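Asks: Sharing data-v1.pdb here; it has PDB, C-alpha atoms, pLDDT in the B column.
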ATOM      1  CA  MET A 177     210.950  -0.197 -43.041  1.00 97.00           C
ATOM      2  CA  LEU A 178     213.200   2.540 -41.674  1.00 98.00           C
ATOM      3  CA  SER A 179     212.740   3.636 -38.052  1.00 98.00           C
ATOM      4  CA  VAL A 180     214.051   7.119 -37.236  1.00 98.00           C
ATOM      5  CA  VAL A 181     214.587   7.446 -33.474  1.00 98.00           C
ATOM      6  CA  ILE A 182     214.680  11.016 -32.151  1.00 97.00           C
ATOM      7  CA  PRO A 183     215.219  11.795 -28.458  1.00 95.00           C
ATOM      8  CA  THR A 184     213.622  15.089 -27.427  1.00 95.00           C
ATOM      9  CA  PHE A 185     213.956  17.400 -24.450  1.00 92.00           C
ATOM     10  CA  ASN A 186     212.151  20.733 -24.750  1.00 92.00           C
ATOM     11  CA  GLU A 187     212.480  20.918 -28.549  1.00 93.00           C
ATOM     12  CA  GLY A 188     208.874  21.810 -29.371  1.00 94.00           C
ATOM     13  CA  LYS A 189     209.764  24.728 -31.650  1.00 94.00           C
ATOM     14  CA  ASN A 190     211.621  22.402 -34.006  1.00 95.00           C
ATOM     15  CA  ILE A 191     209.166  19.509 -34.273  1.00 97.00           C
ATOM     16  CA  ARG A 192     206.960  20.466 -37.226  1.00 97.00           C
ATOM     17  CA  ASN A 193     209.874  21.734 -39.314  1.00 97.00           C
ATOM     18  CA  LEU A 194     211.864  18.593 -38.498  1.00 97.00           C
ATOM     19  CA  VAL A 195     209.059  16.191 -39.378  1.00 98.00           C
ATOM     20  CA  THR A 196     208.230  18.030 -42.590  1.00 98.00           C
ATOM     21  CA  GLN A 197     211.860  17.842 -43.708  1.00 98.00           C
ATOM     22  CA  ILE A 198     212.104  14.137 -42.825  1.00 98.00           C
ATOM     23  CA  ASP A 199     208.955  13.409 -44.786  1.00 98.00           C
ATOM     24  CA  ASP A 200     210.334  15.283 -47.804  1.00 98.00           C
ATOM     25  CA  ALA A 201     213.651  13.434 -47.556  1.00 97.00           C
ATOM     26  CA  LEU A 202     212.056   9.985 -47.339  1.00 98.00           C
ATOM     27  CA  LYS A 203     209.519  10.212 -50.162  1.00 96.00           C
ATOM     28  CA  GLY A 204     208.898   6.701 -51.491  1.00 96.00           C
ATOM     29  CA  ILE A 205     210.464   5.024 -48.432  1.00 98.00           C
ATOM     30  CA  ASP A 206     208.431   3.157 -45.801  1.00 98.00           C
ATOM     31  CA  TYR A 207     209.377   4.852 -42.539  1.00 98.00           C
ATOM     32  CA  GLU A 208     208.308   5.716 -39.017  1.00 98.00           C
ATOM     33  CA  ILE A 209     209.478   8.450 -36.666  1.00 98.00           C
ATOM     34  CA  LEU A 210     209.823   7.458 -33.019  1.00 98.00           C
ATOM     35  CA  PHE A 211     210.074  10.378 -30.605  1.00 98.00           C
ATOM     36  CA  VAL A 212     211.281   9.400 -27.144  1.00 97.00           C
ATOM     37  CA  ASP A 213     210.476  12.459 -25.117  1.00 96.00           C
ATOM     38  CA  ASP A 214     211.699  13.581 -21.688  1.00 93.00           C
ATOM     39  CA  SER A 215     210.438  17.167 -21.994  1.00 93.00           C
ATOM     40  CA  LYS A 216     209.269  19.350 -19.130  1.00 92.00           C
ATOM     41  CA  ASP A 217     207.399  21.746 -21.419  1.00 93.00           C
ATOM     42  CA  ASN A 218     204.679  21.356 -24.056  1.00 95.00           C
ATOM     43  CA  THR A 219     206.813  19.370 -26.527  1.00 96.00           C
ATOM     44  CA  PRO A 220     204.700  16.174 -26.130  1.00 96.00           C
ATOM     45  CA  GLU A 221     201.533  18.103 -27.009  1.00 97.00           C
ATOM     46  CA  ILE A 222     203.232  19.576 -30.062  1.00 98.00           C
ATOM     47  CA  ILE A 223     204.414  16.141 -31.200  1.00 98.00           C
ATOM     48  CA  MET A 224     200.893  14.738 -30.939  1.00 97.00           C
ATOM     49  CA  GLU A 225     199.479  17.731 -32.808  1.00 97.00           C
ATOM     50  CA  VAL A 226     201.979  17.235 -35.642  1.00 98.00           C
ATOM     51  CA  ALA A 227     201.171  13.506 -35.631  1.00 98.00           C
ATOM     52  CA  LYS A 228     197.644  14.354 -36.800  1.00 98.00           C
ATOM     53  CA  ASP A 229     199.219  15.351 -40.127  1.00 98.00           C
ATOM     54  CA  PHE A 230     201.918  12.658 -40.168  1.00 98.00           C
ATOM     55  CA  PRO A 231     200.623   9.210 -39.144  1.00 96.00           C
ATOM     56  CA  GLN A 232     204.175   7.834 -39.304  1.00 98.00           C
ATOM     57  CA  ILE A 233     204.857   9.467 -35.921  1.00 98.00           C
ATOM     58  CA  ARG A 234     204.894   7.516 -32.666  1.00 98.00           C
ATOM     59  CA  MET A 235     205.834   8.939 -29.284  1.00 97.00           C
ATOM     60  CA  GLU A 236     207.020   7.482 -25.997  1.00 96.00           C
ATOM     61  CA  HIS A 237     206.874  10.114 -23.250  1.00 94.00           C
ATOM     62  CA  ARG A 238     208.981   9.228 -20.213  1.00 93.00           C
ATOM     63  CA  THR A 239     208.342  10.718 -16.795  1.00 88.00           C
ATOM     64  CA  ASN A 240     210.591   8.678 -14.485  1.00 82.00           C
ATOM     65  CA  GLU A 241     213.636   8.369 -16.739  1.00 79.00           C
ATOM     66  CA  SER A 242     216.011  10.825 -18.380  1.00 77.00           C
ATOM     67  CA  GLY A 243     219.108  10.891 -20.530  1.00 82.00           C
ATOM     68  CA  LEU A 244     219.711  10.838 -24.262  1.00 86.00           C
ATOM     69  CA  ALA A 245     221.371   7.421 -24.474  1.00 88.00           C
ATOM     70  CA  THR A 246     218.646   5.567 -22.569  1.00 90.00           C
ATOM     71  CA  ALA A 247     216.011   7.406 -24.611  1.00 93.00           C
ATOM     72  CA  VAL A 248     217.599   6.229 -27.861  1.00 95.00           C
ATOM     73  CA  LEU A 249     217.827   2.646 -26.580  1.00 94.00           C
ATOM     74  CA  LYS A 250     214.151   2.804 -25.666  1.00 95.00           C
ATOM     75  CA  GLY A 251     213.456   3.909 -29.224  1.00 96.00           C
ATOM     76  CA  PHE A 252     215.504   1.043 -30.660  1.00 97.00           C
ATOM     77  CA  ARG A 253     213.507  -1.429 -28.566  1.00 95.00           C
ATOM     78  CA  LEU A 254     210.216   0.024 -29.800  1.00 97.00           C
ATOM     79  CA  ALA A 255     211.321   0.377 -33.431  1.00 97.00           C
ATOM     80  CA  LYS A 256     209.683  -1.759 -36.096  1.00 97.00           C
ATOM     81  CA  GLY A 257     212.180  -1.124 -38.886  1.00 97.00           C
ATOM     82  CA  ASP A 258     214.766  -3.365 -40.519  1.00 97.00           C
ATOM     83  CA  TYR A 259     216.984  -0.276 -40.535  1.00 98.00           C
ATOM     84  CA  MET A 260     217.245   2.045 -37.536  1.00 98.00           C
ATOM     85  CA  ALA A 261     218.504   5.620 -37.535  1.00 98.00           C
ATOM     86  CA  CYS A 262     219.244   8.087 -34.759  1.00 97.00           C
ATOM     87  CA  MET A 263     219.322  11.853 -35.132  1.00 96.00           C
ATOM     88  CA  ASP A 264     218.948  14.991 -33.020  1.00 93.00           C
ATOM     89  CA  ALA A 265     215.790  17.082 -32.953  1.00 94.00           C
ATOM     90  CA  ASP A 266     217.511  20.447 -33.247  1.00 91.00           C
ATOM     91  CA  LEU A 267     217.960  20.361 -37.067  1.00 92.00           C
ATOM     92  CA  GLN A 268     221.745  20.510 -36.796  1.00 91.00           C
ATOM     93  CA  HIS A 269     221.547  17.098 -38.445  1.00 94.00           C
ATOM     94  CA  PRO A 270     219.936  17.971 -41.815  1.00 95.00           C
ATOM     95  CA  PRO A 271     217.094  15.499 -42.442  1.00 97.00           C
ATOM     96  CA  ILE A 272     217.909  15.217 -46.165  1.00 97.00           C
ATOM     97  CA  VAL A 273     220.950  13.128 -45.149  1.00 97.00           C
ATOM     98  CA  LEU A 274     218.567  10.304 -44.154  1.00 98.00           C
ATOM     99  CA  LYS A 275     217.876   9.752 -47.849  1.00 97.00           C
ATOM    100  CA  TYR A 276     221.542   9.141 -48.614  1.00 98.00           C
ATOM    101  CA  MET A 277     222.078   7.038 -45.503  1.00 98.00           C
ATOM    102  CA  TYR A 278     219.221   4.832 -46.667  1.00 98.00           C
ATOM    103  CA  LYS A 279     220.830   4.605 -50.113  1.00 98.00           C
ATOM    104  CA  ALA A 280     224.079   3.426 -48.511  1.00 98.00           C
ATOM    105  CA  MET A 281     222.222   0.772 -46.530  1.00 98.00           C
ATOM    106  CA  GLU A 282     220.461  -0.452 -49.661  1.00 98.00           C
ATOM    107  CA  ALA A 283     223.894  -0.667 -51.332  1.00 97.00           C
ATOM    108  CA  GLY A 284     225.047  -3.172 -48.714  1.00 98.00           C
ATOM    109  CA  ALA A 285     226.266  -1.243 -45.683  1.00 98.00           C
ATOM    110  CA  ASP A 286     225.627  -2.625 -42.216  1.00 98.00           C
ATOM    111  CA  PHE A 287     226.273   0.783 -40.673  1.00 98.00           C
ATOM    112  CA  CYS A 288     226.141   4.251 -42.271  1.00 98.00           C
ATOM    113  CA  ILE A 289     227.831   7.205 -40.582  1.00 98.00           C
ATOM    114  CA  PRO A 290     227.592  10.703 -42.034  1.00 97.00           C
ATOM    115  CA  SER A 291     230.896  12.508 -41.454  1.00 96.00           C
ATOM    116  CA  ARG A 292     231.746  16.178 -41.174  1.00 94.00           C
ATOM    117  CA  LEU A 293     235.411  15.352 -41.640  1.00 93.00           C
ATOM    118  CA  ILE A 294     235.643  13.814 -45.120  1.00 96.00           C
ATOM    119  CA  PRO A 295     235.654  15.715 -48.447  1.00 95.00           C
ATOM    120  CA  GLY A 296     232.233  17.289 -48.915  1.00 95.00           C
ATOM    121  CA  GLY A 297     231.558  17.431 -45.170  1.00 94.00           C
ATOM    122  CA  ASP A 298     231.654  20.455 -42.898  1.00 90.00           C
ATOM    123  CA  ASP A 299     231.333  21.198 -39.178  1.00 84.00           C
ATOM    124  CA  GLY A 300     230.545  24.876 -39.671  1.00 75.00           C
ATOM    125  CA  GLY A 301     227.506  24.600 -37.415  1.00 62.00           C
ATOM    126  CA  LEU A 302     229.831  24.482 -34.394  1.00 66.00           C
ATOM    127  CA  ASN A 303     231.457  27.496 -32.761  1.00 72.00           C
ATOM    128  CA  TRP A 304     235.181  27.337 -31.965  1.00 72.00           C
ATOM    129  CA  TYR A 305     234.620  26.062 -28.420  1.00 75.00           C
ATOM    130  CA  ARG A 306     232.340  23.229 -29.492  1.00 72.00           C
ATOM    131  CA  LYS A 307     234.732  22.323 -32.314  1.00 75.00           C
ATOM    132  CA  PHE A 308     237.505  22.051 -29.718  1.00 79.00           C
ATOM    133  CA  VAL A 309     235.371  19.954 -27.365  1.00 78.00           C
ATOM    134  CA  SER A 310     234.131  17.743 -30.210  1.00 80.00           C
ATOM    135  CA  GLY A 311     237.619  17.213 -31.626  1.00 84.00           C
ATOM    136  CA  THR A 312     239.071  16.399 -28.208  1.00 88.00           C
ATOM    137  CA  ALA A 313     236.264  13.932 -27.440  1.00 87.00           C
ATOM    138  CA  ARG A 314     236.754  12.258 -30.808  1.00 91.00           C
ATOM    139  CA  LYS A 315     240.515  11.874 -30.341  1.00 94.00           C
ATOM    140  CA  ILE A 316     240.216  10.551 -26.781  1.00 93.00           C
ATOM    141  CA  GLY A 317     237.641   8.002 -27.961  1.00 93.00           C
ATOM    142  CA  GLN A 318     239.896   6.781 -30.753  1.00 96.00           C
ATOM    143  CA  ILE A 319     242.867   6.480 -28.391  1.00 96.00           C
ATOM    144  CA  MET A 320     240.922   4.488 -25.807  1.00 95.00           C
ATOM    145  CA  LEU A 321     238.883   2.310 -28.180  1.00 96.00           C
ATOM    146  CA  PRO A 322     240.709   0.751 -31.156  1.00 95.00           C
ATOM    147  CA  CYS A 323     237.317  -0.094 -32.695  1.00 94.00           C
ATOM    148  CA  LEU A 324     236.734   3.628 -33.354  1.00 96.00           C
ATOM    149  CA  ARG A 325     240.002   4.345 -35.147  1.00 96.00           C
ATOM    150  CA  LYS A 326     238.838   3.664 -38.712  1.00 97.00           C
ATOM    151  CA  ILE A 327     235.835   5.989 -38.294  1.00 97.00           C
ATOM    152  CA  THR A 328     236.485   9.672 -39.036  1.00 96.00           C
ATOM    153  CA  ASP A 329     233.510  11.045 -37.049  1.00 95.00           C
ATOM    154  CA  PRO A 330     232.734   8.441 -34.337  1.00 93.00           C
ATOM    155  CA  THR A 331     231.230  10.805 -31.751  1.00 89.00           C
ATOM    156  CA  SER A 332     228.390  12.078 -33.928  1.00 87.00           C
ATOM    157  CA  GLY A 333     224.764  11.491 -32.987  1.00 89.00           C
ATOM    158  CA  LEU A 334     223.676  10.839 -36.574  1.00 96.00           C
ATOM    159  CA  PHE A 335     223.827   7.253 -37.846  1.00 98.00           C
ATOM    160  CA  MET A 336     221.890   4.350 -39.363  1.00 98.00           C
ATOM    161  CA  PHE A 337     222.359   0.587 -39.071  1.00 98.00           C
ATOM    162  CA  ARG A 338     220.737  -2.761 -39.683  1.00 98.00           C
ATOM    163  CA  ARG A 339     218.673  -4.160 -36.815  1.00 98.00           C
ATOM    164  CA  GLU A 340     220.978  -7.185 -36.622  1.00 98.00           C
ATOM    165  CA  VAL A 341     223.911  -5.003 -35.537  1.00 98.00           C
ATOM    166  CA  ILE A 342     222.602  -4.712 -31.979  1.00 97.00           C
ATOM    167  CA  GLU A 343     220.598  -7.929 -31.630  1.00 95.00           C
ATOM    168  CA  ASN A 344     223.200  -9.526 -29.339  1.00 92.00           C
ATOM    169  CA  ALA A 345     224.871  -6.357 -28.113  1.00 95.00           C
ATOM    170  CA  ASP A 346     225.191  -5.595 -24.407  1.00 94.00           C
ATOM    171  CA  LEU A 347     224.397  -1.895 -24.591  1.00 94.00           C
ATOM    172  CA  GLN A 348     224.902  -0.016 -21.317  1.00 90.00           C
ATOM    173  CA  PRO A 349     225.275   3.598 -22.450  1.00 81.00           C
ATOM    174  CA  ILE A 350     226.027   6.505 -20.162  1.00 80.00           C
ATOM    175  CA  GLY A 351     225.263  10.077 -21.156  1.00 72.00           C
ATOM    176  CA  TRP A 352     225.000  11.179 -24.766  1.00 75.00           C
ATOM    177  CA  LYS A 353     227.395   9.290 -27.060  1.00 85.00           C
ATOM    178  CA  ILE A 354     225.125   6.429 -28.058  1.00 92.00           C
ATOM    179  CA  MET A 355     226.878   5.754 -31.381  1.00 94.00           C
ATOM    180  CA  VAL A 356     230.158   5.084 -29.579  1.00 95.00           C
ATOM    181  CA  GLU A 357     228.329   2.386 -27.606  1.00 95.00           C
ATOM    182  CA  VAL A 358     226.795   0.795 -30.711  1.00 96.00           C
ATOM    183  CA  LEU A 359     230.117   0.862 -32.604  1.00 96.00           C
ATOM    184  CA  ALA A 360     231.950  -0.683 -29.659  1.00 96.00           C
ATOM    185  CA  MET A 361     229.411  -3.380 -28.778  1.00 97.00           C
ATOM    186  CA  GLY A 362     227.654  -4.138 -32.086  1.00 97.00           C
ATOM    187  CA  THR A 363     228.420  -6.709 -34.785  1.00 97.00           C
ATOM    188  CA  TYR A 364     228.858  -5.447 -38.351  1.00 98.00           C
ATOM    189  CA  ALA A 365     231.157  -5.995 -41.328  1.00 98.00           C
ATOM    190  CA  LYS A 366     230.805  -2.922 -43.540  1.00 98.00           C
ATOM    191  CA  VAL A 367     230.628   0.750 -42.559  1.00 98.00           C
ATOM    192  CA  THR A 368     229.888   3.409 -45.175  1.00 98.00           C
ATOM    193  CA  GLU A 369     230.796   7.016 -44.438  1.00 98.00           C
ATOM    194  CA  ILE A 370     229.048   9.760 -46.393  1.00 98.00           C
ATOM    195  CA  PRO A 371     229.750  13.517 -46.238  1.00 97.00           C
ATOM    196  CA  TYR A 372     227.340  15.939 -44.573  1.00 95.00           C
ATOM    197  CA  LYS A 373     227.317  19.536 -43.414  1.00 93.00           C
ATOM    198  CA  PHE A 374     226.507  20.124 -39.754  1.00 89.00           C
ATOM    199  CA  GLN A 375     223.988  22.958 -39.415  1.00 85.00           C
ATOM    200  CA  GLN A 376     223.637  25.830 -36.967  1.00 72.00           C
ATOM    201  CA  ARG A 377     220.928  25.526 -34.326  1.00 58.00           C
ATOM    202  CA  THR A 378     218.051  27.932 -34.975  1.00 57.00           C
ATOM    203  CA  GLU A 379     215.738  27.160 -32.048  1.00 52.00           C
ATOM    204  CA  GLY A 380     216.259  25.919 -28.491  1.00 48.00           C
ATOM    205  CA  GLU A 381     219.484  25.603 -26.521  1.00 49.00           C
ATOM    206  CA  SER A 382     222.500  23.304 -26.665  1.00 49.00           C
ATOM    207  CA  LYS A 383     222.595  20.600 -23.980  1.00 45.00           C
ATOM    208  CA  LEU A 384     226.421  20.530 -23.796  1.00 49.00           C
ATOM    209  CA  SER A 385     227.690  20.702 -20.203  1.00 50.00           C
ATOM    210  CA  GLY A 386     230.504  19.600 -17.934  1.00 56.00           C
ATOM    211  CA  LYS A 387     228.333  16.725 -16.733  1.00 70.00           C
ATOM    212  CA  VAL A 388     227.990  15.470 -20.323  1.00 73.00           C
ATOM    213  CA  THR A 389     231.788  15.494 -20.708  1.00 78.00           C
ATOM    214  CA  MET A 390     232.339  13.509 -17.519  1.00 83.00           C
ATOM    215  CA  GLU A 391     229.691  10.968 -18.505  1.00 87.00           C
ATOM    216  CA  TYR A 392     231.447  10.457 -21.838  1.00 88.00           C
ATOM    217  CA  LEU A 393     234.799   9.785 -20.156  1.00 89.00           C
ATOM    218  CA  LYS A 394     233.142   7.345 -17.782  1.00 91.00           C
ATOM    219  CA  GLN A 395     231.519   5.607 -20.752  1.00 93.00           C
ATOM    220  CA  LEU A 396     234.880   5.209 -22.505  1.00 94.00           C
ATOM    221  CA  VAL A 397     236.503   3.674 -19.413  1.00 94.00           C
ATOM    222  CA  ASN A 398     233.603   1.232 -19.147  1.00 94.00           C
ATOM    223  CA  LEU A 399     233.705   0.313 -22.847  1.00 95.00           C
ATOM    224  CA  ARG A 400     237.472  -0.229 -22.868  1.00 94.00           C
ATOM    225  CA  LYS A 401     236.943  -3.196 -20.553  1.00 94.00           C
ATOM    226  CA  ARG A 402     234.187  -4.850 -22.572  1.00 95.00           C
ATOM    227  CA  TYR A 403     234.062  -3.719 -26.215  1.00 96.00           C
ATOM    228  CA  ASN A 404     233.556  -6.359 -28.917  1.00 95.00           C
ATOM    229  CA  LYS A 405     237.186  -7.115 -29.786  1.00 95.00           C
ATOM    230  CA  ALA A 406     236.161  -9.919 -32.156  1.00 94.00           C
ATOM    231  CA  ASN A 407     234.300  -7.584 -34.498  1.00 95.00           C
ATOM    232  CA  LYS A 408     236.179  -6.704 -37.697  1.00 94.00           C
ATOM    233  CA  TYR A 409     234.893  -4.261 -40.280  1.00 97.00           C
ATOM    234  CA  THR A 410     235.851  -2.354 -43.401  1.00 98.00           C
ATOM    235  CA  VAL A 411     235.060   1.280 -44.166  1.00 98.00           C
ATOM    236  CA  GLU A 412     233.899   2.579 -47.535  1.00 98.00           C
ATOM    237  CA  THR A 413     233.927   6.347 -48.035  1.00 98.00           C
ATOM    238  CA  TRP A 414     231.450   7.843 -50.491  1.00 98.00           C
ATOM    239  CA  THR A 415     232.116  11.066 -52.331  1.00 97.00           C
ATOM    240  CA  THR A 416     229.373  13.629 -52.795  1.00 96.00           C
ATOM    241  CA  GLU A 417     229.168  12.510 -56.433  1.00 96.00           C
ATOM    242  CA  ARG A 418     228.690   8.869 -55.447  1.00 95.00           C
ATOM    243  CA  MET A 419     226.038   9.889 -52.944  1.00 94.00           C
ATOM    244  CA  MET A 420     224.107  11.815 -55.584  1.00 92.00           C
ATOM    245  CA  GLN A 421     224.240   9.143 -58.286  1.00 89.00           C
ATOM    246  CA  GLY A 422     220.904   8.438 -59.907  1.00 78.00           C
ATOM    247  CA  GLU A 423     219.329  11.793 -59.030  1.00 74.00           C
TER     248      GLU A 423
END
Let me see the structure of the file written as structure tokens.
Replies:
Amino acid sequence: MLSVVIPTFNEGKNIRNLVTQIDDALKGIDYEILFVDDSKDNTPEIIMEVAKDFPQIRMEHRTNESGLATAVLKGFRLAKGDYMACMDADLQHPPIVLKYMYKAMEAGADFCIPSRLIPGGDDGGLNWYRKFVSGTARKIGQIMLPCLRKITDPTSGLFMFRREVIENADLQPIGWKIMVEVLAMGTYAKVTEIPYKFQQRTEGESKLSGKVTMEYLKQLVNLRKRYNKANKYTVETWTTERMMQGE
């Protein structure tokens, strides 16, 4: 089974479209969608309404906790799947990519990371300011954490991995960059990168803020002291043609 963990905060307008696209992408695959919701609006009610049409949906609504990273970890703990994926609810991560991530896992990857920065990928869904912020965050992460240097797009929020990757990992994430935490603390041997095109947000508002940036820097300082230095891995990069094989 594949568990797709989606943290939500006031993303009600995107839920039905998101779930419909995930269901289309994962035809023939046993999956569940786990929403971990911190919303202050009617998003939980919308999720439960959509769940009437999609029994694969489960929801954990939190009232005394907040934060994307802790929400995702909660989802990982509740997940039933052998594979676990994380993606945003705002549709900037196109759900069809889940299909190709799953294909990479079935081909032997321990970790699959869609990348905007390899041939076939694109970060056109970001404006110039967010491209600058994203690029700077990525470079700082790779400088501070050697375990990120082989990955072209290590600060993305879209990824999939085998359950075993985090079974013995001491995950203590701060802020938003949960994949950085999993890459630094997990145990895995093979990473597959596949190209994807980052989409423009159509509904809701970006959560980027100065607080998010400071939390990320604090996370990097913390991880530099304790990341899994013993873990060694190789990276395989798929072309668009390789990704589409068999279709």
Asks: Between CA of Phe230 (chain A) and CA of Asp200 (chain A), what is the spacing in Å?
Replies: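 These atoms are spaced 11.7 Å apart.
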Asks: What gap, in Å, lies between CA of Lys394 (chain A) and CA of Asn344 (chain A)?
Replies: 22.7 Å
Asks: Using the chain letters and numbers from the file, give me the residues hit by the PyMOL selection byres ((chain A and resi 366) around 12), as an mmCIF file with C-alpha atoms, in the coordinates of the input.
Replies:
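Once written, expr-v2.cif looks like this:
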data_model
loop_
_atom_site.group_PDB
_atom_site.id
_atom_site.type_symbol
_atom_site.label_atom_id
_atom_site.label_comp_id
_atom_site.auth_asym_id
_atom_site.auth_seq_id
_atom_site.Cartn_x
_atom_site.Cartn_y
_atom_site.Cartn_z
ATOM 1 C CA ALA A 280 224.079 3.426 -48.511
ATOM 2 C CA MET A 281 222.222 0.772 -46.530
ATOM 3 C CA ALA A 283 223.894 -0.667 -51.332
ATOM 4 C CA GLY A 284 225.047 -3.172 -48.714
ATOM 5 C CA ALA A 285 226.266 -1.243 -45.683
ATOM 6 C CA ASP A 286 225.627 -2.625 -42.216
ATOM 7 C CA PHE A 287 226.273 0.783 -40.673
ATOM 8 C CA CYS A 288 226.141 4.251 -42.271
ATOM 9 C CA ILE A 289 227.831 7.205 -40.582
ATOM 10 C CA LYS A 326 238.838 3.664 -38.712
ATOM 11 C CA ILE A 327 235.835 5.989 -38.294
ATOM 12 C CA PHE A 337 222.359 0.587 -39.071
ATOM 13 C CA ARG A 338 220.737 -2.761 -39.683
ATOM 14 C CA VAL A 341 223.911 -5.003 -35.537
ATOM 15 C CA LEU A 359 230.117 0.862 -32.604
ATOM 16 C CA GLY A 362 227.654 -4.138 -32.086
ATOM 17 C CA THR A 363 228.420 -6.709 -34.785
ATOM 18 C CA TYR A 364 228.858 -5.447 -38.351
ATOM 19 C CA ALA A 365 231.157 -5.995 -41.328
ATOM 20 C CA VAL A 367 230.628 0.750 -42.559
ATOM 21 C CA THR A 368 229.888 3.409 -45.175
ATOM 22 C CA GLU A 369 230.796 7.016 -44.438
ATOM 23 C CA ASN A 407 234.300 -7.584 -34.498
ATOM 24 C CA LYS A 408 236.179 -6.704 -37.697
ATOM 25 C CA TYR A 409 234.893 -4.261 -40.280
ATOM 26 C CA THR A 410 235.851 -2.354 -43.401
ATOM 27 C CA VAL A 411 235.060 1.280 -44.166
ATOM 28 C CA GLU A 412 233.899 2.579 -47.535
ATOM 29 C CA THR A 413 233.927 6.347 -48.035
#
Asks: What gap, in Å, lies between CA of Pro183 (chain A) and CA of Gly204 (chain A)?
Replies: 24.4 Å
Asks: Which polymer residues have any atom within 10 Å of an atom of Pro220 (chain A), counting all atoms listed in the file, with same-chain residues fewer than 4 positions away left out, as a PyMOL selection string?
Replies: chain A and resi 184-188+191+211-216+224-226+235-237
Asks: For this structure, which residues satisfy the selection - the PyMOL selection byres ((chain A and resi 194) around 9) - when it is evaluated on the file as given? I want them as a count of residues only.
Replies: 14
Asks: For each of A:Gln421, A:Leu393, A:Val273, A:Val248, take the minimum atom-to-atom distance to Gly297 (chain A), counting all atoms listed in the file, then give the residue where this is smallest.
Replies: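 Smallest separation from Gly297 (chain A) among the options: A:Val273.
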